file upload_28.pdb (PDB, C-alpha atoms and all ligand atoms)
ATOM      1  CA  MET A   1     -43.495 209.206 -76.225  1.00  0.00           C
ATOM      2  CA  SER A   2     -47.098 210.014 -75.312  1.00  0.00           C
ATOM      3  CA  ARG A   3     -48.339 209.258 -71.845  1.00  0.00           C
ATOM      4  CA  VAL A   4     -51.851 207.817 -71.588  1.00  0.00           C
ATOM      5  CA  LEU A   5     -53.651 207.193 -68.317  1.00  0.00           C
ATOM      6  CA  ILE A   6     -56.346 204.483 -68.443  1.00  0.00           C
ATOM      7  CA  VAL A   7     -58.948 204.783 -65.686  1.00  0.00           C
ATOM      8  CA  GLU A   8     -60.979 201.597 -65.724  1.00  0.00           C
ATOM      9  CA  ASP A   9     -61.963 199.235 -62.899  1.00  0.00           C
ATOM     10  CA  GLU A  10     -62.609 196.241 -65.191  1.00  0.00           C
ATOM     11  CA  ALA A  11     -59.164 194.674 -65.341  1.00  0.00           C
ATOM     12  CA  ALA A  12     -59.750 192.771 -68.599  1.00  0.00           C
ATOM     13  CA  ILE A  13     -60.782 195.924 -70.499  1.00  0.00           C
ATOM     14  CA  ALA A  14     -57.985 197.992 -68.963  1.00  0.00           C
ATOM     15  CA  GLU A  15     -55.458 195.326 -69.958  1.00  0.00           C
ATOM     16  CA  LEU A  16     -56.783 195.061 -73.513  1.00  0.00           C
ATOM     17  CA  ILE A  17     -56.587 198.830 -74.067  1.00  0.00           C
ATOM     18  CA  SER A  18     -53.200 198.953 -72.389  1.00  0.00           C
ATOM     19  CA  LEU A  19     -51.754 196.213 -74.637  1.00  0.00           C
ATOM     20  CA  ASN A  20     -52.942 197.970 -77.772  1.00  0.00           C
ATOM     21  CA  LEU A  21     -51.612 201.337 -76.671  1.00  0.00           C
ATOM     22  CA  ARG A  22     -48.219 199.960 -75.644  1.00  0.00           C
ATOM     23  CA  HIS A  23     -47.999 198.150 -78.964  1.00  0.00           C
ATOM     24  CA  ALA A  24     -48.637 201.488 -80.707  1.00  0.00           C
ATOM     25  CA  GLY A  25     -45.801 203.091 -78.737  1.00  0.00           C
ATOM     26  CA  TYR A  26     -47.704 204.880 -75.977  1.00  0.00           C
ATOM     27  CA  GLU A  27     -46.519 204.897 -72.389  1.00  0.00           C
ATOM     28  CA  VAL A  28     -49.426 203.585 -70.305  1.00  0.00           C
ATOM     29  CA  THR A  29     -50.417 204.010 -66.661  1.00  0.00           C
ATOM     30  CA  LEU A  30     -53.431 202.276 -65.129  1.00  0.00           C
ATOM     31  CA  ALA A  31     -55.803 203.405 -62.404  1.00  0.00           C
ATOM     32  CA  ALA A  32     -58.827 201.451 -61.142  1.00  0.00           C
ATOM     33  CA  THR A  33     -60.533 204.187 -59.124  1.00  0.00           C
ATOM     34  CA  ALA A  34     -61.043 207.946 -59.285  1.00  0.00           C
ATOM     35  CA  ASP A  35     -58.741 208.383 -56.264  1.00  0.00           C
ATOM     36  CA  GLN A  36     -55.926 206.451 -57.942  1.00  0.00           C
ATOM     37  CA  ALA A  37     -56.498 208.424 -61.144  1.00  0.00           C
ATOM     38  CA  GLN A  38     -56.288 211.705 -59.231  1.00  0.00           C
ATOM     39  CA  SER A  39     -53.015 210.763 -57.560  1.00  0.00           C
ATOM     40  CA  GLU A  40     -51.536 209.650 -60.907  1.00  0.00           C
ATOM     41  CA  VAL A  41     -52.499 212.976 -62.487  1.00  0.00           C
ATOM     42  CA  THR A  42     -51.070 214.856 -59.509  1.00  0.00           C
ATOM     43  CA  ARG A  43     -47.807 212.936 -59.905  1.00  0.00           C
ATOM     44  CA  VAL A  44     -47.464 213.131 -63.698  1.00  0.00           C
ATOM     45  CA  LEU A  45     -49.769 214.992 -66.044  1.00  0.00           C
ATOM     46  CA  PRO A  46     -50.603 212.574 -68.893  1.00  0.00           C
ATOM     47  CA  ASP A  47     -51.069 213.613 -72.534  1.00  0.00           C
ATOM     48  CA  LEU A  48     -54.482 211.954 -72.597  1.00  0.00           C
ATOM     49  CA  VAL A  49     -56.868 210.123 -70.264  1.00  0.00           C
ATOM     50  CA  ILE A  50     -59.199 207.268 -71.180  1.00  0.00           C
ATOM     51  CA  LEU A  51     -61.828 207.538 -68.488  1.00  0.00           C
ATOM     52  CA  ASP A  52     -64.486 204.957 -67.695  1.00  0.00           C
ATOM     53  CA  TRP A  53     -67.777 206.446 -66.581  1.00  0.00           C
ATOM     54  CA  MET A  54     -68.732 203.698 -64.106  1.00  0.00           C
ATOM     55  CA  LEU A  55     -66.098 203.438 -61.404  1.00  0.00           C
ATOM     56  CA  PRO A  56     -66.446 202.285 -57.796  1.00  0.00           C
ATOM     57  CA  GLY A  57     -66.840 205.354 -55.561  1.00  0.00           C
ATOM     58  CA  GLN A  58     -66.507 208.629 -57.441  1.00  0.00           C
ATOM     59  CA  SER A  59     -67.726 208.301 -61.052  1.00  0.00           C
ATOM     60  CA  GLY A  60     -65.655 209.096 -64.122  1.00  0.00           C
ATOM     61  CA  LEU A  61     -68.158 211.807 -64.956  1.00  0.00           C
ATOM     62  CA  SER A  62     -67.585 213.734 -61.733  1.00  0.00           C
ATOM     63  CA  LEU A  63     -63.827 213.237 -62.060  1.00  0.00           C
ATOM     64  CA  ALA A  64     -63.957 214.795 -65.548  1.00  0.00           C
ATOM     65  CA  LYS A  65     -65.916 217.750 -64.133  1.00  0.00           C
ATOM     66  CA  ARG A  66     -63.375 218.215 -61.351  1.00  0.00           C
ATOM     67  CA  TRP A  67     -60.450 218.184 -63.807  1.00  0.00           C
ATOM     68  CA  ARG A  68     -62.168 220.712 -66.045  1.00  0.00           C
ATOM     69  CA  SER A  69     -62.631 223.066 -63.104  1.00  0.00           C
ATOM     70  CA  GLU A  70     -58.938 223.094 -62.176  1.00  0.00           C
ATOM     71  CA  GLN A  71     -56.335 225.232 -63.908  1.00  0.00           C
ATOM     72  CA  ARG A  72     -53.733 222.492 -64.277  1.00  0.00           C
ATOM     73  CA  THR A  73     -56.075 219.901 -65.822  1.00  0.00           C
ATOM     74  CA  ARG A  74     -58.431 222.210 -67.724  1.00  0.00           C
ATOM     75  CA  GLU A  75     -56.950 221.272 -71.114  1.00  0.00           C
ATOM     76  CA  LEU A  76     -56.303 217.604 -70.323  1.00  0.00           C
ATOM     77  CA  PRO A  77     -57.588 215.526 -73.266  1.00  0.00           C
ATOM     78  CA  ILE A  78     -60.240 213.061 -72.049  1.00  0.00           C
ATOM     79  CA  ILE A  79     -61.954 210.215 -73.895  1.00  0.00           C
ATOM     80  CA  MET A  80     -64.884 208.886 -71.910  1.00  0.00           C
ATOM     81  CA  LEU A  81     -65.958 205.238 -71.975  1.00  0.00           C
ATOM     82  CA  THR A  82     -69.424 204.054 -71.115  1.00  0.00           C
ATOM     83  CA  ALA A  83     -71.364 200.802 -71.106  1.00  0.00           C
ATOM     84  CA  ARG A  84     -74.363 202.322 -72.869  1.00  0.00           C
ATOM     85  CA  ALA A  85     -74.682 203.931 -76.282  1.00  0.00           C
ATOM     86  CA  ASP A  86     -77.320 206.247 -74.864  1.00  0.00           C
ATOM     87  CA  GLU A  87     -77.677 209.725 -76.383  1.00  0.00           C
ATOM     88  CA  THR A  88     -78.373 211.308 -72.966  1.00  0.00           C
ATOM     89  CA  ASP A  89     -75.197 209.715 -71.570  1.00  0.00           C
ATOM     90  CA  LYS A  90     -73.211 211.004 -74.516  1.00  0.00           C
ATOM     91  CA  VAL A  91     -74.458 214.551 -73.992  1.00  0.00           C
ATOM     92  CA  ALA A  92     -73.766 214.357 -70.236  1.00  0.00           C
ATOM     93  CA  GLY A  93     -70.250 213.035 -70.923  1.00  0.00           C
ATOM     94  CA  LEU A  94     -69.440 215.817 -73.361  1.00  0.00           C
ATOM     95  CA  ASP A  95     -71.033 218.407 -71.047  1.00  0.00           C
ATOM     96  CA  ALA A  96     -68.789 217.194 -68.233  1.00  0.00           C
ATOM     97  CA  GLY A  97     -65.832 218.114 -70.413  1.00  0.00           C
ATOM     98  CA  ALA A  98     -64.922 214.901 -72.242  1.00  0.00           C
ATOM     99  CA  ASP A  99     -63.350 215.556 -75.650  1.00  0.00           C
ATOM    100  CA  ASP A 100     -64.819 212.397 -77.090  1.00  0.00           C
ATOM    101  CA  TYR A 101     -67.066 209.564 -76.036  1.00  0.00           C
ATOM    102  CA  LEU A 102     -67.030 205.867 -76.855  1.00  0.00           C
ATOM    103  CA  ALA A 103     -69.650 203.252 -75.959  1.00  0.00           C
ATOM    104  CA  LYS A 104     -68.641 199.715 -75.010  1.00  0.00           C
ATOM    105  CA  PRO A 105     -68.105 197.420 -76.739  1.00  0.00           C
ATOM    106  CA  PHE A 106     -65.850 199.370 -79.130  1.00  0.00           C
ATOM    107  CA  SER A 107     -63.191 198.208 -81.551  1.00  0.00           C
ATOM    108  CA  THR A 108     -59.615 198.941 -80.546  1.00  0.00           C
ATOM    109  CA  ASN A 109     -59.057 200.392 -84.036  1.00  0.00           C
ATOM    110  CA  GLU A 110     -61.772 202.931 -83.384  1.00  0.00           C
ATOM    111  CA  LEU A 111     -60.335 203.804 -79.991  1.00  0.00           C
ATOM    112  CA  MET A 112     -56.861 204.304 -81.512  1.00  0.00           C
ATOM    113  CA  ALA A 113     -58.298 206.543 -84.234  1.00  0.00           C
ATOM    114  CA  ARG A 114     -60.179 208.619 -81.643  1.00  0.00           C
ATOM    115  CA  ILE A 115     -57.050 208.948 -79.520  1.00  0.00           C
ATOM    116  CA  ARG A 116     -55.055 210.282 -82.471  1.00  0.00           C
ATOM    117  CA  ALA A 117     -57.860 212.681 -83.406  1.00  0.00           C
ATOM    118  CA  VAL A 118     -58.094 214.094 -79.876  1.00  0.00           C
ATOM    119  CA  LEU A 119     -54.306 214.407 -79.578  1.00  0.00           C
ATOM    120  CA  ARG A 120     -54.069 216.125 -82.977  1.00  0.00           C
ATOM    121  CA  ARG A 121     -56.579 218.691 -81.792  1.00  0.00           C
ATOM    122  CA  LYS A 122     -55.405 219.182 -78.217  1.00  0.00           C
ATOM    123  CA  ALA A 123     -51.860 217.855 -77.783  1.00  0.00           C
ATOM    124  CA  PRO A 124     -50.104 217.765 -81.182  1.00  0.00           C
ATOM    125  CA  GLU A 125     -46.746 217.493 -79.373  1.00  0.00           C
ATOM    126  CA  ALA A 126     -47.819 213.953 -78.413  1.00  0.00           C
ATOM    127  CA  LEU A 127     -47.933 212.839 -82.065  1.00  0.00           C
ATOM    128  CA  ASP A 128     -45.033 212.134 -84.385  1.00  0.00           C
ATOM    129  CA  SER A 129     -45.986 214.403 -87.314  1.00  0.00           C
ATOM    130  CA  ALA A 130     -43.234 216.729 -88.516  1.00  0.00           C
ATOM    131  CA  VAL A 131     -43.728 220.387 -87.615  1.00  0.00           C
ATOM    132  CA  GLU A 132     -42.370 223.601 -89.149  1.00  0.00           C
ATOM    133  CA  VAL A 133     -42.239 227.116 -87.754  1.00  0.00           C
ATOM    134  CA  GLY A 134     -40.514 229.653 -89.949  1.00  0.00           C
ATOM    135  CA  ARG A 135     -37.285 228.047 -91.201  1.00  0.00           C
ATOM    136  CA  LEU A 136     -37.190 225.632 -88.302  1.00  0.00           C
ATOM    137  CA  ARG A 137     -38.290 222.050 -88.878  1.00  0.00           C
ATOM    138  CA  LEU A 138     -38.617 219.238 -86.339  1.00  0.00           C
ATOM    139  CA  ASP A 139     -39.385 215.639 -87.211  1.00  0.00           C
ATOM    140  CA  PRO A 140     -40.249 213.391 -84.230  1.00  0.00           C
ATOM    141  CA  ALA A 141     -40.174 210.254 -86.415  1.00  0.00           C
ATOM    142  CA  THR A 142     -36.468 210.724 -87.211  1.00  0.00           C
ATOM    143  CA  ARG A 143     -35.734 212.867 -84.113  1.00  0.00           C
ATOM    144  CA  ARG A 144     -34.135 215.512 -86.310  1.00  0.00           C
ATOM    145  CA  VAL A 145     -34.182 219.278 -86.054  1.00  0.00           C
ATOM    146  CA  SER A 146     -33.096 221.329 -89.046  1.00  0.00           C
ATOM    147  CA  VAL A 147     -32.959 224.827 -90.441  1.00  0.00           C
ATOM    148  CA  GLY A 148     -32.863 224.532 -94.213  1.00  0.00           C
ATOM    149  CA  GLU A 149     -30.079 222.053 -94.967  1.00  0.00           C
ATOM    150  CA  GLN A 150     -28.414 222.632 -91.631  1.00  0.00           C
ATOM    151  CA  GLU A 151     -28.975 219.994 -88.974  1.00  0.00           C
ATOM    152  CA  ILE A 152     -29.322 221.167 -85.352  1.00  0.00           C
ATOM    153  CA  LYS A 153     -28.070 218.870 -82.611  1.00  0.00           C
ATOM    154  CA  VAL A 154     -30.185 218.992 -79.448  1.00  0.00           C
ATOM    155  CA  GLY A 155     -30.419 216.771 -76.380  1.00  0.00           C
ATOM    156  CA  PRO A 156     -33.554 214.707 -75.652  1.00  0.00           C
ATOM    157  CA  THR A 157     -35.053 217.196 -73.185  1.00  0.00           C
ATOM    158  CA  GLU A 158     -34.373 220.184 -75.472  1.00  0.00           C
ATOM    159  CA  PHE A 159     -35.969 218.166 -78.290  1.00  0.00           C
ATOM    160  CA  ARG A 160     -39.183 217.626 -76.300  1.00  0.00           C
ATOM    161  CA  LEU A 161     -39.204 221.252 -75.188  1.00  0.00           C
ATOM    162  CA  LEU A 162     -38.734 222.513 -78.755  1.00  0.00           C
ATOM    163  CA  HIS A 163     -41.403 220.086 -79.992  1.00  0.00           C
ATOM    164  CA  PHE A 164     -43.895 221.437 -77.470  1.00  0.00           C
ATOM    165  CA  LEU A 165     -43.046 225.079 -78.252  1.00  0.00           C
ATOM    166  CA  MET A 166     -43.254 224.481 -82.017  1.00  0.00           C
ATOM    167  CA  THR A 167     -46.664 222.799 -81.744  1.00  0.00           C
ATOM    168  CA  HIS A 168     -47.918 225.728 -79.633  1.00  0.00           C
ATOM    169  CA  PRO A 169     -46.211 228.733 -81.241  1.00  0.00           C
ATOM    170  CA  GLU A 170     -46.885 232.403 -80.486  1.00  0.00           C
ATOM    171  CA  ARG A 171     -48.306 231.546 -77.065  1.00  0.00           C
ATOM    172  CA  VAL A 172     -46.705 232.313 -73.736  1.00  0.00           C
ATOM    173  CA  HIS A 173     -46.143 229.267 -71.530  1.00  0.00           C
ATOM    174  CA  SER A 174     -45.321 229.642 -67.856  1.00  0.00           C
ATOM    175  CA  ARG A 175     -42.502 227.563 -66.376  1.00  0.00           C
ATOM    176  CA  ALA A 176     -45.067 225.495 -64.429  1.00  0.00           C
ATOM    177  CA  GLN A 177     -46.993 224.768 -67.643  1.00  0.00           C
ATOM    178  CA  LEU A 178     -43.807 223.756 -69.452  1.00  0.00           C
ATOM    179  CA  LEU A 179     -42.822 221.459 -66.595  1.00  0.00           C
ATOM    180  CA  ASP A 180     -46.229 219.787 -66.769  1.00  0.00           C
ATOM    181  CA  ARG A 181     -46.401 219.469 -70.521  1.00  0.00           C
ATOM    182  CA  VAL A 182     -42.763 218.667 -71.300  1.00  0.00           C
ATOM    183  CA  TRP A 183     -41.559 216.974 -68.113  1.00  0.00           C
ATOM    184  CA  GLY A 184     -44.989 215.765 -66.909  1.00  0.00           C
ATOM    185  CA  ASP A 185     -44.253 217.085 -63.435  1.00  0.00           C
ATOM    186  CA  HIS A 186     -44.460 220.525 -61.888  1.00  0.00           C
ATOM    187  CA  VAL A 187     -44.393 219.349 -58.299  1.00  0.00           C
ATOM    188  CA  PHE A 188     -40.971 217.820 -57.788  1.00  0.00           C
ATOM    189  CA  ILE A 189     -38.933 219.555 -60.456  1.00  0.00           C
ATOM    190  CA  GLU A 190     -37.791 223.115 -59.852  1.00  0.00           C
ATOM    191  CA  GLU A 191     -38.851 225.835 -62.245  1.00  0.00           C
ATOM    192  CA  ARG A 192     -35.279 226.927 -62.898  1.00  0.00           C
ATOM    193  CA  THR A 193     -34.819 223.557 -64.669  1.00  0.00           C
ATOM    194  CA  VAL A 194     -36.830 225.097 -67.500  1.00  0.00           C
ATOM    195  CA  ASP A 195     -34.423 228.043 -67.697  1.00  0.00           C
ATOM    196  CA  VAL A 196     -31.455 225.679 -67.904  1.00  0.00           C
ATOM    197  CA  HIS A 197     -32.934 223.786 -70.856  1.00  0.00           C
ATOM    198  CA  VAL A 198     -34.138 226.933 -72.623  1.00  0.00           C
ATOM    199  CA  LYS A 199     -30.575 228.249 -72.391  1.00  0.00           C
ATOM    200  CA  ARG A 200     -29.207 224.996 -73.899  1.00  0.00           C
ATOM    201  CA  LEU A 201     -31.836 225.087 -76.628  1.00  0.00           C
ATOM    202  CA  ARG A 202     -30.916 228.668 -77.551  1.00  0.00           C
ATOM    203  CA  GLU A 203     -27.249 227.693 -77.678  1.00  0.00           C
ATOM    204  CA  ALA A 204     -28.092 224.823 -80.030  1.00  0.00           C
ATOM    205  CA  LEU A 205     -30.184 227.093 -82.260  1.00  0.00           C
ATOM    206  CA  SER A 206     -27.683 229.925 -82.229  1.00  0.00           C
ATOM    207  CA  PRO A 207     -25.429 228.776 -85.138  1.00  0.00           C
ATOM    208  CA  ALA A 208     -28.521 228.684 -87.376  1.00  0.00           C
ATOM    209  CA  LYS A 209     -29.469 232.165 -86.107  1.00  0.00           C
ATOM    210  CA  CYS A 210     -32.746 230.868 -84.665  1.00  0.00           C
ATOM    211  CA  ALA A 211     -32.024 231.389 -80.958  1.00  0.00           C
ATOM    212  CA  GLN A 212     -34.112 234.567 -80.898  1.00  0.00           C
ATOM    213  CA  MET A 213     -37.195 232.557 -81.895  1.00  0.00           C
ATOM    214  CA  ILE A 214     -37.437 231.592 -78.239  1.00  0.00           C
ATOM    215  CA  GLU A 215     -38.490 234.708 -76.403  1.00  0.00           C
ATOM    216  CA  THR A 216     -38.441 235.315 -72.683  1.00  0.00           C
ATOM    217  CA  VAL A 217     -41.631 237.053 -71.634  1.00  0.00           C
ATOM    218  CA  ARG A 218     -40.820 238.796 -68.365  1.00  0.00           C
ATOM    219  CA  GLY A 219     -42.856 237.609 -65.409  1.00  0.00           C
ATOM    220  CA  ALA A 220     -44.791 235.199 -67.637  1.00  0.00           C
ATOM    221  CA  GLY A 221     -42.598 232.536 -69.227  1.00  0.00           C
ATOM    222  CA  TYR A 222     -41.426 231.620 -72.712  1.00  0.00           C
ATOM    223  CA  ARG A 223     -42.813 231.873 -76.210  1.00  0.00           C
ATOM    224  CA  LEU A 224     -41.680 230.534 -79.566  1.00  0.00           C
ATOM    225  CA  THR A 225     -42.241 232.987 -82.353  1.00  0.00           C
ATOM    226  CA  GLN A 226     -41.608 233.074 -86.099  1.00  0.00           C
ATOM    227  CA  GLN A 227     -38.224 234.558 -86.653  1.00  0.00           C
ATOM    228  CA  VAL A 228     -38.320 238.225 -87.530  1.00  0.00           C
ATOM    229  CA  GLN A 229     -35.806 239.121 -90.231  1.00  0.00           C
ATOM    230  CA  ALA A 230     -33.461 241.360 -88.286  1.00  0.00           C
ATOM    231  CA  VAL A 231     -31.340 242.411 -91.232  1.00  0.00           C
ATOM    232  CA  SER A 232     -32.691 243.357 -94.595  1.00  0.00           C
ATOM    233  CA  ALA A 233     -30.937 241.693 -97.515  1.00  0.00           C
ATOM    234  CA  GLY A 234     -31.074 245.070 -99.247  1.00  0.00           C
TER     235      GLY A 234
HETATM  236 CA    CA B   1     -66.337 200.341 -65.053  1.00  0.00          CA
END

call {"tool": "encode", "arguments": {"input": "upload_28.pdb", "output": "structure tokens"}}
result
Amino acid sequence: MSRVLIVEDEAAIAELISLNLRHAGYEVTLAATADQAQSEVTRVLPDLVILDWMLPGQSGLSLAKRWRSEQRTRELPIIMLTARADETDKVAGLDAGADDYLAKPFSTNELMARIRAVLRRKAPEALDSAVEVGRLRLDPATRRVSVGEQEIKVGPTEFRLLHFLMTHPERVHSRAQLLDRVWGDHVFIEERTVDVHVKRLREALSPAKCAQMIETVRGAGYRLTQQVQAVSAG
């Protein structure tokens, strides 16, 4: 389930967006100020933030700039909301690091479409499209993992971990990054938790001879790679 943080001080708007998102299956957290938003993000890294420009105290714009300047939040998908459909505002919003920009009033259908577009581009593991890497296939809609006709049984955490790795293949992810992106928390959960679940995932993939797709990169983390054919069929 995708986690969306809504940062909006106008309660009626926040509630309207929240209702629509929950109805669509997103897990929603609300924040009314930049400070609250920052502590939410520190606690659990969301998959996407809907960020109002005009907030009491620190503005949404400066919060977006701060997040872009920090390693942990650099890739955080942000959709900025503003009261004015002003071209200069739009440019400033995108310059500050927003991935998209929406002027109020907007239709909830448009917001939902923008959310899906931003997630598809930046956090495909937050969507429920099926994904394939090599012979391995994972379908979030049916929660099934398979290799050809063979079904692979994995636990819920291994499923989320595999989903993240499969939507970001061939890249090395540190344990801290995996904790943030898969668990949503790198502060209170120990890094060796990742090792435990990687081990379980490899065990689950082993009968289908796919365990070696998950590589340990020494001193760096883990990477999912297309399976190399170890044995020639001759
Ligand atoms: Ca506002």

call {"tool": "atom_distance", "arguments": {"input": "upload_28.pdb", "atom1": "atom CA of A:Arg116", "atom2": "atom CA of A:Leu224"}}
result
24.4 Å

call {"tool": "closest_atom_pairs", "arguments": {"input": "upload_28.pdb", "of": "chain A", "to": "ligand CA 1 (chain B)", "cutoff": "6 Å", "atoms": "all atoms listed in the file", "output": "CSV"}}
result
residue,atom,partner,partner_atom,distance
A:Glu8,CA,B:CA1,CA,5.5
A:Asp9,CA,B:CA1,CA,5.0
A:Glu10,CA,B:CA1,CA,5.5
A:Asp52,CA,B:CA1,CA,5.6
A:Met54,CA,B:CA1,CA,4.2
A:Leu55,CA,B:CA1,CA,4.8

call {"tool": "closest_residue", "arguments": {"input": "upload_28.pdb", "among": "A:Glu190, A:Glu75, A:Asp180, A:Asp86", "to": "A:Leu119", "atoms": "all atoms listed in the file"}}
result
A:Glu75

call {"tool": "atom_distance", "arguments": {"input": "upload_28.pdb", "atom1": "atom CA of A:Phe188", "atom2": "atom CA of A:Val44"}}
result
10.0 Å

call {"tool": "residues_around", "arguments": {"input": "upload_28.pdb", "residues": "A:Met80", "least_positions_apart": "5", "cutoff": "10 Å", "atoms": "only C-alpha atoms", "output": "list in words"}}
result
Val7, Val49, Ile50, Leu51, Asp52, Trp53, Gly60, Leu61, Ala64, Lys90, Gly93, Leu94, Ala96, Gly97, Ala98, Asp99, Asp100, Tyr101, Leu102 and Ala103 of chain A

call {"tool": "write_last_selection", "arguments": {"input": "upload_28.pdb", "atoms": "C-alpha atoms", "output": "tab-separated table (two decimals), in the coordinates of the input"}}
result
chain	number	residue	atom	x	y	z
A	7	VAL	CA	-58.95	204.78	-65.69
A	49	VAL	CA	-56.87	210.12	-70.26
A	50	ILE	CA	-59.20	207.27	-71.18
A	51	LEU	CA	-61.83	207.54	-68.49
A	52	ASP	CA	-64.49	204.96	-67.69
A	53	TRP	CA	-67.78	206.45	-66.58
A	60	GLY	CA	-65.66	209.10	-64.12
A	61	LEU	CA	-68.16	211.81	-64.96
A	64	ALA	CA	-63.96	214.80	-65.55
A	90	LYS	CA	-73.21	211.00	-74.52
A	93	GLY	CA	-70.25	213.04	-70.92
A	94	LEU	CA	-69.44	215.82	-73.36
A	96	ALA	CA	-68.79	217.19	-68.23
A	97	GLY	CA	-65.83	218.11	-70.41
A	98	ALA	CA	-64.92	214.90	-72.24
A	99	ASP	CA	-63.35	215.56	-75.65
A	100	ASP	CA	-64.82	212.40	-77.09
A	101	TYR	CA	-67.07	209.56	-76.04
A	102	LEU	CA	-67.03	205.87	-76.86
A	103	ALA	CA	-69.65	203.25	-75.96

call {"tool": "residues_near_point", "arguments": {"input": "upload_28.pdb", "point": "(-48.2, 228.5, -71.0)", "cutoff": "9 Å", "atoms": "only C-alpha atoms", "output": "MDAnalysis selection string"}}
result
chainID A and resid 171:178 220:223

call {"tool": "atom_distance", "arguments": {"input": "upload_28.pdb", "atom1": "atom CA of A:Thr73", "atom2": "atom CA of A:Val41"}}
result
8.5 Å

call {"tool": "resolve_selection", "arguments": {"input": "upload_28.pdb", "expression": "the PyMOL selection byres (((chain A and resi 5) around 6) and not hetatm)", "output": "VMD selection string"}}
result
chain A and resid 4 6 28 to 30 49

call {"tool": "closest_residue", "arguments": {"input": "upload_28.pdb", "among": "A:Pro156, A:Pro140, A:Gly184, A:Pro105", "to": "A:Leu127", "atoms": "all atoms listed in the file"}}
result
A:Pro140

call {"tool": "closest_residue", "arguments": {"input": "upload_28.pdb", "among": "A:Leu161, A:Leu48, A:Ala37, A:Val196", "to": "A:Pro77", "atoms": "all atoms listed in the file"}}
result
A:Leu48

call {"tool": "closest_residue", "arguments": {"input": "upload_28.pdb", "among": "A:Leu179, A:Val217, A:Ala24, A:Leu165", "to": "A:Leu201", "atoms": "all atoms listed in the file"}}
result
A:Leu165

call {"tool": "residues_around", "arguments": {"input": "upload_28.pdb", "residues": "A:Arg160", "least_positions_apart": "2", "cutoff": "10 Å", "atoms": "only C-alpha atoms", "output": "list in words"}}
result
Met1, Glu125, Ala126, Pro140, Arg143, Val154, Gly155, Pro156, Thr157, Glu158, Leu162, His163, Phe164, Leu165, Met166, Arg181, Val182 and Trp183 of chain A

call {"tool": "residues_around", "arguments": {"input": "upload_28.pdb", "residues": "A:Glu151", "least_positions_apart": "5", "cutoff": "12 Å", "atoms": "only C-alpha atoms", "output": "ChimeraX atom specification"}}
result
/A:135-139,143-146,204-205,207-208

call {"tool": "closest_residue", "arguments": {"input": "upload_28.pdb", "among": "A:Ala12, A:Gly148, A:Arg3, A:Pro169", "to": "A:Leu76", "atoms": "only C-alpha atoms"}}
result
A:Arg3

call {"tool": "residues_around", "arguments": {"input": "upload_28.pdb", "residues": "A:Ile17", "least_positions_apart": "3", "cutoff": "8 Å", "atoms": "all atoms listed in the file", "output": "list in words"}}
result
Ile6, Ile13, Ala14, Asn20, Leu21 and Thr108 of chain A

call {"tool": "closest_residue", "arguments": {"input": "upload_28.pdb", "among": "A:Val133, A:Val147, A:Ala31, A:Thr216", "to": "A:Ser18", "atoms": "only C-alpha atoms"}}
result
A:Ala31

call {"tool": "axis_aligned_box", "arguments": {"input": "upload_28.pdb", "around": "stretch 122-130 of chain A", "padding_each_side": "3 Å", "output": "AutoDock Vina command-line options"}}
result
--center_x -49.3 --center_y 215.7 --center_z -83.1 --size_x 18.2 --size_y 13.0 --size_z 16.7
